[in-house]
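Asks: final10.csv is reproduced in full below (CSV, C-alpha atoms and all ligand atoms).
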```
chain,number,residue,atom,x,y,z
A,1,MET,CA,114.3,-173.2,-22.9
A,2,ASN,CA,116.5,-176.0,-21.6
A,3,ALA,CA,116.5,-178.9,-24.1
A,4,ALA,CA,115.7,-181.4,-21.4
A,5,GLU,CA,112.7,-179.4,-20.1
A,6,PRO,CA,109.3,-180.8,-21.1
A,7,LEU,CA,107.1,-178.7,-23.3
A,8,LYS,CA,104.1,-177.0,-21.6
A,9,CYS,CA,101.3,-178.8,-23.4
A,10,ARG,CA,97.6,-179.3,-23.1
A,11,PRO,CA,95.8,-182.6,-23.8
A,12,SER,CA,94.1,-180.9,-26.8
A,13,ASP,CA,97.5,-180.4,-28.4
A,14,TYR,CA,97.6,-184.2,-29.0
A,15,LYS,CA,94.0,-184.6,-30.5
A,16,SER,CA,93.6,-184.9,-34.2
A,17,GLU,CA,90.7,-183.4,-36.1
A,18,VAL,CA,89.2,-186.8,-36.7
A,19,LYS,CA,86.0,-187.2,-34.7
A,20,PRO,CA,85.7,-190.5,-32.8
A,21,ILE,CA,82.9,-192.8,-34.1
A,22,TRP,CA,82.7,-194.9,-30.9
A,23,CYS,CA,79.2,-195.4,-29.5
A,24,PRO,CA,78.1,-192.7,-27.1
A,25,GLY,CA,79.2,-193.8,-23.6
A,26,CYS,CA,81.9,-196.2,-24.8
A,27,GLY,CA,84.8,-196.4,-22.3
A,28,ASP,CA,87.3,-195.7,-25.0
A,29,TYR,CA,86.5,-192.0,-25.1
A,30,HIS,CA,87.9,-191.8,-21.6
A,31,VAL,CA,91.0,-193.8,-22.6
A,32,LEU,CA,91.6,-191.3,-25.3
A,33,MET,CA,91.2,-188.5,-22.7
A,34,ALA,CA,93.6,-190.3,-20.4
A,35,LEU,CA,96.1,-190.9,-23.2
A,36,THR,CA,96.2,-187.3,-24.3
A,37,ARG,CA,96.5,-186.1,-20.7
A,38,ALA,CA,99.4,-188.5,-20.2
A,39,MET,CA,101.1,-187.1,-23.4
A,40,ALA,CA,100.6,-183.5,-22.2
A,41,ALA,CA,102.0,-184.4,-18.7
A,42,LEU,CA,105.1,-185.8,-20.4
A,43,GLY,CA,105.4,-182.7,-22.6
A,44,LEU,CA,106.7,-184.7,-25.6
A,45,PRO,CA,106.2,-183.2,-29.0
A,46,PRO,CA,103.6,-185.2,-31.0
A,47,GLU,CA,106.1,-186.0,-33.7
A,48,ARG,CA,108.3,-187.8,-31.1
A,49,ILE,CA,105.4,-190.2,-30.2
A,50,ALA,CA,104.0,-193.1,-32.3
A,51,VAL,CA,100.7,-194.8,-31.4
A,52,VAL,CA,100.4,-198.3,-33.0
A,53,SER,CA,97.3,-200.5,-33.0
A,54,GLY,CA,95.6,-203.5,-34.5
A,55,ILE,CA,91.9,-203.8,-35.4
A,56,GLY,CA,88.9,-203.3,-33.3
A,57,CYS,CA,86.8,-200.3,-31.9
A,58,SER,CA,89.6,-199.7,-29.4
A,59,SER,CA,92.3,-199.9,-32.1
A,60,ARG,CA,90.9,-196.8,-33.8
A,61,ILE,CA,92.6,-194.7,-31.1
A,62,PRO,CA,95.7,-193.7,-33.2
A,63,ALA,CA,93.5,-191.8,-35.7
A,64,TYR,CA,92.2,-189.6,-32.9
A,65,THR,CA,95.7,-188.4,-31.9
A,66,ASN,CA,98.0,-186.2,-33.9
A,67,CYS,CA,101.1,-188.3,-33.2
A,68,TYR,CA,102.5,-190.7,-35.7
A,69,GLY,CA,100.0,-193.5,-36.0
A,70,PHE,CA,99.7,-197.0,-37.4
A,71,HIS,CA,96.2,-198.7,-37.5
A,72,GLY,CA,97.4,-202.0,-38.7
A,73,VAL,CA,96.5,-205.6,-39.0
A,74,HIS,CA,94.3,-207.5,-36.4
A,75,GLY,CA,96.5,-208.9,-33.6
A,76,ARG,CA,99.8,-207.6,-34.9
A,77,SER,CA,100.1,-204.3,-33.2
A,78,LEU,CA,103.0,-205.5,-30.9
A,79,ALA,CA,105.0,-206.9,-33.8
A,80,VAL,CA,104.8,-203.5,-35.5
A,81,ALA,CA,105.5,-201.6,-32.3
A,82,THR,CA,108.5,-203.7,-31.5
A,83,GLY,CA,110.0,-203.3,-34.9
A,84,LEU,CA,109.4,-199.5,-34.8
A,85,LYS,CA,111.0,-199.1,-31.4
A,86,ILE,CA,114.1,-201.2,-32.4
A,87,ALA,CA,114.5,-199.1,-35.6
A,88,ARG,CA,113.7,-195.7,-33.9
A,89,PRO,CA,114.7,-195.9,-30.2
A,90,ASP,CA,114.3,-192.1,-30.1
A,91,ILE,CA,110.5,-192.3,-30.6
A,92,THR,CA,108.2,-193.0,-27.6
A,93,VAL,CA,106.1,-196.0,-28.8
A,94,ILE,CA,102.7,-196.6,-27.3
A,95,CYS,CA,101.0,-199.8,-28.5
A,96,ALA,CA,97.1,-200.0,-28.1
A,97,SER,CA,94.9,-203.1,-28.4
A,98,GLY,CA,91.6,-204.5,-27.4
A,99,ASP,CA,91.1,-207.9,-25.6
A,100,GLY,CA,90.3,-209.6,-28.9
A,101,ASP,CA,93.2,-208.0,-30.8
A,102,GLY,CA,95.7,-208.4,-28.0
A,103,TYR,CA,94.7,-211.6,-26.2
A,104,SER,CA,93.1,-213.8,-29.0
A,105,ILE,CA,94.7,-213.4,-32.4
A,106,GLY,CA,97.6,-211.4,-30.8
A,107,GLY,CA,98.1,-213.5,-27.8
A,108,ASN,CA,101.3,-215.1,-29.0
A,109,HIS,CA,102.8,-211.6,-29.6
A,110,PHE,CA,101.8,-210.6,-26.1
A,111,LEU,CA,103.8,-213.4,-24.5
A,112,HIS,CA,106.9,-212.7,-26.6
A,113,ALA,CA,106.7,-208.9,-26.2
A,114,CYS,CA,106.7,-209.4,-22.4
A,115,ARG,CA,109.6,-211.8,-22.7
A,116,ARG,CA,111.6,-209.5,-25.0
A,117,ASN,CA,111.2,-206.5,-22.8
A,118,VAL,CA,111.6,-203.9,-25.5
A,119,ASP,CA,110.9,-200.4,-24.1
A,120,LEU,CA,107.2,-200.0,-25.0
A,121,ALA,CA,104.1,-199.0,-23.2
A,122,TYR,CA,101.3,-201.4,-24.1
A,123,ILE,CA,97.7,-200.4,-23.2
A,124,VAL,CA,94.9,-202.8,-23.7
A,125,MET,CA,91.3,-201.6,-23.6
A,126,ASP,CA,89.6,-204.7,-22.2
A,127,ASN,CA,85.8,-204.8,-22.5
A,128,HIS,CA,85.6,-208.6,-22.3
A,129,ILE,CA,84.0,-208.8,-25.8
A,130,TYR,CA,84.6,-208.3,-29.5
A,131,GLY,CA,82.8,-204.9,-29.8
A,132,MET,CA,83.6,-204.2,-33.5
A,133,THR,CA,82.3,-207.5,-34.8
A,134,LYS,CA,79.1,-207.3,-32.7
A,135,GLY,CA,79.7,-209.1,-29.5
A,136,GLN,CA,81.5,-212.4,-29.8
A,137,PRO,CA,83.1,-213.7,-26.6
A,138,SER,CA,86.8,-212.9,-26.2
A,139,PRO,CA,89.4,-214.6,-24.0
A,140,THR,CA,88.4,-212.4,-21.0
A,141,THR,CA,84.6,-213.0,-21.3
A,142,GLU,CA,83.1,-214.5,-18.2
A,143,PRO,CA,82.2,-218.2,-18.8
A,144,ASP,CA,78.5,-217.7,-18.1
A,145,PHE,CA,78.0,-214.6,-20.1
A,146,ASP,CA,74.9,-215.5,-22.2
A,147,THR,CA,74.5,-214.1,-25.7
A,148,ALA,CA,72.8,-215.1,-28.9
A,149,LEU,CA,76.3,-215.8,-30.2
A,150,ALA,CA,77.3,-218.0,-27.3
A,151,PRO,CA,74.0,-219.3,-25.8
A,152,GLY,CA,74.4,-220.2,-22.1
A,153,GLY,CA,78.0,-218.8,-22.2
A,154,THR,CA,81.2,-220.3,-23.4
A,155,GLY,CA,81.8,-222.3,-20.2
A,156,LEU,CA,85.5,-221.4,-20.7
A,157,ARG,CA,87.9,-220.2,-18.1
A,158,PRO,CA,88.8,-216.6,-18.8
A,159,PHE,CA,92.4,-215.5,-19.6
A,160,ASN,CA,94.0,-213.5,-16.8
A,161,PRO,CA,96.1,-210.8,-18.6
A,162,LEU,CA,98.0,-209.7,-15.5
A,163,VAL,CA,99.0,-213.2,-14.7
A,164,VAL,CA,100.2,-213.8,-18.2
A,165,ALA,CA,102.1,-210.5,-18.4
A,166,LEU,CA,103.9,-211.2,-15.1
A,167,ALA,CA,104.7,-214.8,-15.9
A,168,SER,CA,106.0,-213.9,-19.3
A,169,GLY,CA,108.4,-211.2,-18.0
A,170,ALA,CA,106.7,-207.8,-18.4
A,171,ASN,CA,108.7,-205.2,-16.5
A,172,PHE,CA,105.7,-203.2,-15.3
A,173,VAL,CA,102.1,-204.5,-14.8
A,174,ALA,CA,99.1,-202.3,-13.9
A,175,ARG,CA,95.4,-202.2,-14.1
A,176,ALA,CA,93.3,-199.0,-14.8
A,177,TYR,CA,89.6,-198.2,-15.2
A,178,SER,CA,88.6,-195.8,-18.1
A,179,GLY,CA,86.0,-194.1,-15.9
A,180,ASN,CA,88.9,-192.7,-13.8
A,181,PRO,CA,90.7,-190.8,-16.6
A,182,ASN,CA,93.1,-188.9,-14.2
A,183,GLU,CA,94.3,-192.1,-12.5
A,184,THR,CA,94.5,-193.8,-15.9
A,185,ALA,CA,96.6,-191.0,-17.3
A,186,GLU,CA,99.0,-191.3,-14.3
A,187,LEU,CA,99.4,-195.0,-14.9
A,188,ILE,CA,100.1,-194.4,-18.6
A,189,VAL,CA,102.7,-191.8,-17.7
A,190,ASP,CA,104.3,-194.3,-15.3
A,191,ALA,CA,104.2,-197.0,-17.9
A,192,ILE,CA,105.9,-194.8,-20.5
A,193,LYS,CA,108.6,-193.7,-18.1
A,194,HIS,CA,109.3,-197.1,-16.8
A,195,PRO,CA,112.1,-198.8,-18.8
A,196,GLY,CA,111.2,-202.0,-20.7
A,197,PHE,CA,107.9,-203.5,-21.6
A,198,SER,CA,105.1,-201.9,-19.5
A,199,PHE,CA,101.7,-203.3,-19.6
A,200,VAL,CA,98.5,-201.4,-18.6
A,201,GLU,CA,95.3,-203.4,-18.7
A,202,ILE,CA,92.4,-200.8,-18.9
A,203,LEU,CA,88.9,-201.9,-18.1
A,204,SER,CA,87.0,-200.0,-20.7
A,205,PRO,CA,83.2,-200.8,-20.9
A,206,CYS,CA,81.4,-201.6,-24.1
A,207,VAL,CA,78.1,-200.0,-23.4
A,208,THR,CA,76.5,-201.6,-26.5
A,209,TYR,CA,77.3,-205.3,-26.2
A,210,ARG,CA,78.1,-205.3,-22.5
A,211,PRO,CA,75.6,-202.8,-20.8
A,212,ASP,CA,76.2,-204.8,-17.6
A,213,GLN,CA,79.7,-203.3,-17.5
A,214,ARG,CA,78.1,-200.0,-16.4
A,215,SER,CA,78.3,-201.6,-12.9
A,216,TRP,CA,82.2,-201.6,-13.1
A,217,LYS,CA,82.2,-198.1,-11.7
A,218,ASP,CA,80.9,-199.5,-8.4
A,219,ARG,CA,83.2,-202.6,-8.5
A,220,VAL,CA,86.6,-201.0,-9.2
A,221,HIS,CA,88.7,-200.1,-6.2
A,222,PRO,CA,92.3,-199.1,-5.5
A,223,ALA,CA,94.5,-202.1,-4.8
A,224,PRO,CA,94.9,-202.3,-1.0
A,225,VAL,CA,98.7,-202.8,-1.4
A,226,THR,CA,101.6,-200.8,-2.7
A,227,PRO,CA,103.5,-201.9,-5.9
A,228,THR,CA,106.1,-204.6,-5.5
A,229,ASP,CA,109.3,-205.4,-7.4
A,230,ASP,CA,109.2,-209.0,-6.2
A,231,PRO,CA,107.6,-211.2,-8.9
A,232,ALA,CA,106.7,-213.9,-6.4
A,233,ARG,CA,104.9,-211.5,-4.2
A,234,ALA,CA,103.1,-210.0,-7.2
A,235,ALA,CA,102.1,-213.5,-8.3
A,236,ARG,CA,100.7,-214.3,-4.8
A,237,ARG,CA,98.6,-211.1,-5.0
A,238,LEU,CA,97.2,-212.2,-8.3
A,239,MET,CA,96.0,-215.5,-6.8
A,240,THR,CA,93.4,-213.5,-4.8
A,241,ASP,CA,92.8,-210.7,-7.3
A,242,ASP,CA,89.1,-210.0,-7.9
A,243,GLY,CA,89.8,-208.4,-11.3
A,244,PHE,CA,88.9,-204.9,-10.1
A,245,ASN,CA,92.0,-204.0,-8.1
A,246,LEU,CA,93.4,-200.8,-9.7
A,247,GLY,CA,97.0,-199.4,-9.7
A,248,VAL,CA,100.5,-200.7,-10.3
A,249,LEU,CA,100.9,-204.3,-9.3
A,250,TYR,CA,104.5,-204.9,-10.3
A,251,ARG,CA,107.5,-202.7,-11.1
A,252,GLY,CA,110.5,-204.7,-12.2
A,253,HIS,CA,114.2,-203.8,-12.7
A,254,ARG,CA,115.0,-206.0,-15.7
A,255,ALA,CA,117.1,-204.1,-18.2
A,256,PRO,CA,115.2,-203.4,-21.5
A,257,TYR,CA,116.3,-205.2,-24.6
A,258,THR,CA,118.9,-203.3,-26.6
A,259,PRO,CA,119.4,-204.3,-30.3
A,260,PRO,CA,122.9,-205.2,-31.4
A,261,THR,CA,124.9,-202.3,-32.9
A,262,ALA,CA,125.5,-202.2,-36.6
A,263,ALA,CA,129.1,-203.0,-36.0
A,264,ALA,CA,128.2,-206.2,-34.2
A,265,MET,CA,125.9,-207.4,-37.0
A,266,VAL,CA,127.1,-209.8,-39.7
A,267,ALA,CA,127.0,-208.3,-43.2
A,268,PRO,CA,124.5,-210.2,-45.4
A,269,GLU,CA,127.1,-210.5,-48.1
A,270,SER,CA,129.4,-212.6,-45.8
A,271,LEU,CA,126.5,-214.9,-45.1
A,272,GLU,CA,125.9,-215.4,-48.8
A,273,GLU,CA,129.5,-216.4,-49.2
A,274,GLU,CA,129.2,-218.9,-46.3
A,275,PHE,CA,126.1,-220.6,-47.5
A,276,GLU,CA,127.1,-220.7,-51.2
A,277,VAL,CA,126.7,-224.2,-52.6
A,301,LIG,C1,92.7,-211.4,-39.4
A,301,LIG,C2,91.4,-210.9,-38.9
A,301,LIG,N1,90.5,-211.7,-38.3
A,301,LIG,C3,89.4,-211.3,-37.8
A,301,LIG,C4,89.0,-210.0,-38.0
A,301,LIG,C5,87.7,-209.5,-37.6
A,301,LIG,N2,87.8,-208.7,-36.4
A,301,LIG,C6,87.8,-207.3,-36.5
A,301,LIG,S1,87.9,-206.6,-35.0
A,301,LIG,C7,87.8,-208.1,-34.2
A,301,LIG,C8,87.7,-208.2,-32.7
A,301,LIG,C9,87.9,-206.9,-32.0
A,301,LIG,O1,87.8,-207.1,-30.6
A,301,LIG,P1,88.7,-206.3,-29.6
A,301,LIG,O2,90.1,-206.3,-30.0
A,301,LIG,O3,88.3,-206.7,-28.2
A,301,LIG,O4,88.2,-204.8,-29.9
A,301,LIG,P2,86.9,-204.0,-29.5
A,301,LIG,O5,86.1,-203.8,-30.7
A,301,LIG,O6,86.2,-204.8,-28.4
A,301,LIG,O7,87.4,-202.7,-28.9
A,301,LIG,C10,87.7,-209.1,-35.1
A,301,LIG,C11,87.6,-210.6,-34.7
A,301,LIG,C12,89.9,-209.1,-38.7
A,301,LIG,N3,89.6,-207.8,-39.0
A,301,LIG,N4,91.1,-209.6,-39.2
A,302,LIG,S1,80.6,-201.4,-29.9
A,302,LIG,FE1,81.3,-201.3,-27.8
A,302,LIG,S2,83.5,-201.1,-27.9
A,302,LIG,FE2,82.7,-200.6,-29.9
A,302,LIG,S3,82.4,-198.4,-29.9
A,302,LIG,FE3,80.4,-199.3,-29.3
A,302,LIG,S4,80.5,-199.3,-27.0
A,302,LIG,FE4,82.6,-199.0,-27.8
A,303,MG,MG,87.1,-205.9,-26.8
```
Could you show the structure in this file as structure tokens?

Replies:
Amino acid sequence: MNAAEPLKCRPSDYKSEVKPIWCPGCGDYHVLMALTRAMAALGLPPERIAVVSGIGCSSRIPAYTNCYGFHGVHGRSLAVATGLKIARPDITVICASGDGDGYSIGGNHFLHACRRNVDLAYIVMDNHIYGMTKGQPSPTTEPDFDTALAPGGTGLRPFNPLVVALASGANFVARAYSGNPNETAELIVDAIKHPGFSFVEILSPCVTYRPDQRSWKDRVHPAPVTPTDDPARAARRLMTDDGFNLGVLYRGHRAPYTPPTAAAMVAPESLEEEFEV
């Protein structure tokens, strides 16, 4: 076989023997399906892929693949994924988060990962709630979403992940819906192939704490426009975004970050000499 030719793989080749413990009907099952379909479509050997996550129901996903995995610290998935990609550029690094993990505690890392533009695919399973810790509002929760934990709703303006990603310099920005696993798989393939920091927001319902999200299947629709490489045009589209437009919004041409070569780095011993008092 030609070395450059992708392997002929099936999605099941990327599943581990660990059985998911998500609630029956959780959208994350479909994200796992989409992710393994994407890996099979790319034909990469599992040992050439790393899936890195934080903490949350969604962040359990690395355990359910047989690739290298890191189920780490809440909100720090991007820090780990960035370091891994810099140290091992030969590995395809997929970073996975939830809206709590990625937009609350990990929000700062999100901004800087977009800005740094390291060649990563970042998928966020957004259910507009903290599922794992039993339903606290997240940055994407609607202001009037009424729960025992936030009676009457938070009254706070939700965070718009696509706006933040675009404004912060992400090189690829897309939205998917877990209930469409084929389209989601295609967007993940596209994100992995696109150079630089590629962000895919995946609407993935939490059927336990957000049963209202079952209606998302009737609300999502393909974006009525083709992807753009013009950030100003993408920004204008986001001004009228209803939150349910699916597909690639923005595909940029910014060159991914490349770390300095070992030769260009200063040896720590020489710094020691310089700073000796
Ligand atoms: C430092 C730290 N703070 C808080 C927590 C508690 N905690 C665990 S998961 C989680 C929120 C998860 O929400 P999200 O990322 O949206 O994932 P979901 O469960 O909804 O998929 C929180 C606050 C923690 N584990 N570590
Ligand atoms: S609590 Fe919600 S997000 Fe967590 S597994 Fe159950 S349905 Fe999924
Ligand atoms: Mg969540």

Asks: Select, from A:Ile86, A:Leu149, A:Ile129, A:Leu44, the residue with the minimum atom-to-atom distance to Pro260 of chain A, counting only C-alpha atoms.

Replies: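 Looking at the shortest contact to Pro260 of chain A, the residue is A:Ile86.
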
Asks: Of the candidates A:Ser138, A:Thr65, A:Ser77, A:Thr92, which shows the shortest atom-to-atom distance to ligand MG 303 (chain A), using only C-alpha atoms and all ligand atoms?

Replies: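 Residue with the minimum atom-to-atom distance to ligand MG 303 (chain A): A:Ser138.
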
Asks: Using all atoms listed in the file, determine which residues lie at most 9 Å from Met132 of chain A, disregarding the query and same-chain residues fewer than 5 positions distant; provide the list as JSON, numbers by chain.

Replies: {"A": [55, 56, 57, 58]}

Asks: With the cut-off set at 6 Å and counting all atoms listed in the file, tabulate each residue of chain A with an atom at most that distance from an atom of ligand MG 303 (chain A), showing the nearest atom pair and its distance in Å to one decimal, ordered by chain and increasing number, as a Markdown table.

Replies:
```
| residue | atom | partner | partner_atom | distance |
| --- | --- | --- | --- | --- |
| A:Gly98 | CA | A:MG303 | MG | 4.8 |
| A:Asp99 | CA | A:MG303 | MG | 4.6 |
| A:Gly100 | CA | A:MG303 | MG | 5.3 |
| A:Asp126 | CA | A:MG303 | MG | 5.4 |
| A:Asn127 | CA | A:MG303 | MG | 4.6 |
| A:His128 | CA | A:MG303 | MG | 5.5 |
| A:Ile129 | CA | A:MG303 | MG | 4.4 |
| A:Tyr130 | CA | A:MG303 | MG | 4.4 |
| A:Gly131 | CA | A:MG303 | MG | 5.3 |
```

Asks: Could you state the separation of atom CA of Val220 of chain A and atom CA of Leu162 of chain A in Å, given to one decimal place?

Replies: 15.7 Å

Asks: Smallest atom-to-atom distance to Ser168 of chain A: which of A:Leu111, A:Ile91, A:Val118, A:Leu187, using all atoms listed in the file?

Replies: A:Leu111

Asks: How would segment 42-69 of chain A read, as a compact mmCIF listing (two decimals), in the frame of the given file, once N, CA and C atoms are built in?

Replies:
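Below is the file out-v5.txt, written as the result:
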```txt
# COMPACT_ATOMS: atom_id res chain seq x y z
N LEU A 42 103.71 -185.50 -20.04
CA LEU A 42 105.10 -185.80 -20.40
C LEU A 42 105.74 -184.67 -21.18
N GLY A 43 104.88 -183.88 -21.83
CA GLY A 43 105.40 -182.70 -22.60
C GLY A 43 106.20 -183.10 -23.81
N LEU A 44 105.94 -184.29 -24.37
CA LEU A 44 106.70 -184.70 -25.60
C LEU A 44 106.04 -184.09 -26.80
N PRO A 45 106.82 -183.65 -27.78
CA PRO A 45 106.20 -183.20 -29.00
C PRO A 45 105.49 -184.33 -29.72
N PRO A 46 104.31 -184.10 -30.34
CA PRO A 46 103.60 -185.20 -31.00
C PRO A 46 104.40 -185.98 -31.99
N GLU A 47 105.34 -185.29 -32.64
CA GLU A 47 106.10 -186.00 -33.70
C GLU A 47 107.23 -186.87 -33.06
N ARG A 48 107.31 -186.89 -31.73
CA ARG A 48 108.30 -187.80 -31.10
C ARG A 48 107.52 -189.02 -30.48
N ILE A 49 106.22 -189.12 -30.78
CA ILE A 49 105.40 -190.20 -30.20
C ILE A 49 104.78 -190.99 -31.40
N ALA A 50 104.71 -192.32 -31.28
CA ALA A 50 104.00 -193.10 -32.30
C ALA A 50 102.96 -193.98 -31.51
N VAL A 51 101.72 -193.99 -32.00
CA VAL A 51 100.70 -194.80 -31.40
C VAL A 51 100.35 -195.92 -32.44
N VAL A 52 100.56 -197.16 -32.04
CA VAL A 52 100.40 -198.30 -33.00
C VAL A 52 99.26 -199.16 -32.48
N SER A 53 98.40 -199.60 -33.39
CA SER A 53 97.30 -200.50 -33.00
C SER A 53 97.01 -201.54 -33.98
N GLY A 54 96.06 -202.40 -33.63
CA GLY A 54 95.60 -203.50 -34.50
C GLY A 54 94.26 -203.11 -35.13
N ILE A 55 93.28 -204.00 -34.94
CA ILE A 55 91.90 -203.80 -35.40
C ILE A 55 90.92 -204.03 -34.32
N GLY A 56 89.91 -203.19 -34.27
CA GLY A 56 88.90 -203.30 -33.30
C GLY A 56 88.39 -201.87 -32.99
N CYS A 57 87.29 -201.71 -32.25
CA CYS A 57 86.80 -200.30 -31.90
C CYS A 57 87.98 -199.64 -31.18
N SER A 58 88.57 -200.30 -30.18
CA SER A 58 89.60 -199.70 -29.40
C SER A 58 90.84 -199.34 -30.23
N SER A 59 91.11 -200.14 -31.24
CA SER A 59 92.30 -199.90 -32.10
C SER A 59 92.17 -198.73 -33.00
N ARG A 60 91.01 -198.06 -32.97
CA ARG A 60 90.90 -196.80 -33.80
C ARG A 60 91.65 -195.68 -33.13
N ILE A 61 92.12 -195.86 -31.93
CA ILE A 61 92.60 -194.70 -31.10
C ILE A 61 93.77 -193.93 -31.81
N PRO A 62 94.69 -194.54 -32.59
CA PRO A 62 95.70 -193.70 -33.20
C PRO A 62 95.21 -192.58 -34.05
N ALA A 63 94.10 -192.84 -34.75
CA ALA A 63 93.50 -191.80 -35.70
C ALA A 63 93.07 -190.59 -34.91
N TYR A 64 92.78 -190.75 -33.64
CA TYR A 64 92.20 -189.60 -32.90
C TYR A 64 93.32 -188.82 -32.16
N THR A 65 94.59 -189.22 -32.37
CA THR A 65 95.70 -188.40 -31.90
C THR A 65 96.42 -187.81 -33.07
N ASN A 66 97.20 -186.77 -32.83
CA ASN A 66 98.00 -186.20 -33.90
C ASN A 66 99.43 -186.59 -33.90
N CYS A 67 99.70 -187.71 -33.20
CA CYS A 67 101.10 -188.30 -33.20
C CYS A 67 101.21 -189.11 -34.45
N TYR A 68 102.40 -189.67 -34.66
CA TYR A 68 102.50 -190.70 -35.70
C TYR A 68 101.60 -191.84 -35.32
N GLY A 69 100.95 -192.46 -36.29
CA GLY A 69 100.00 -193.50 -36.00
C GLY A 69 100.11 -194.68 -36.96
```
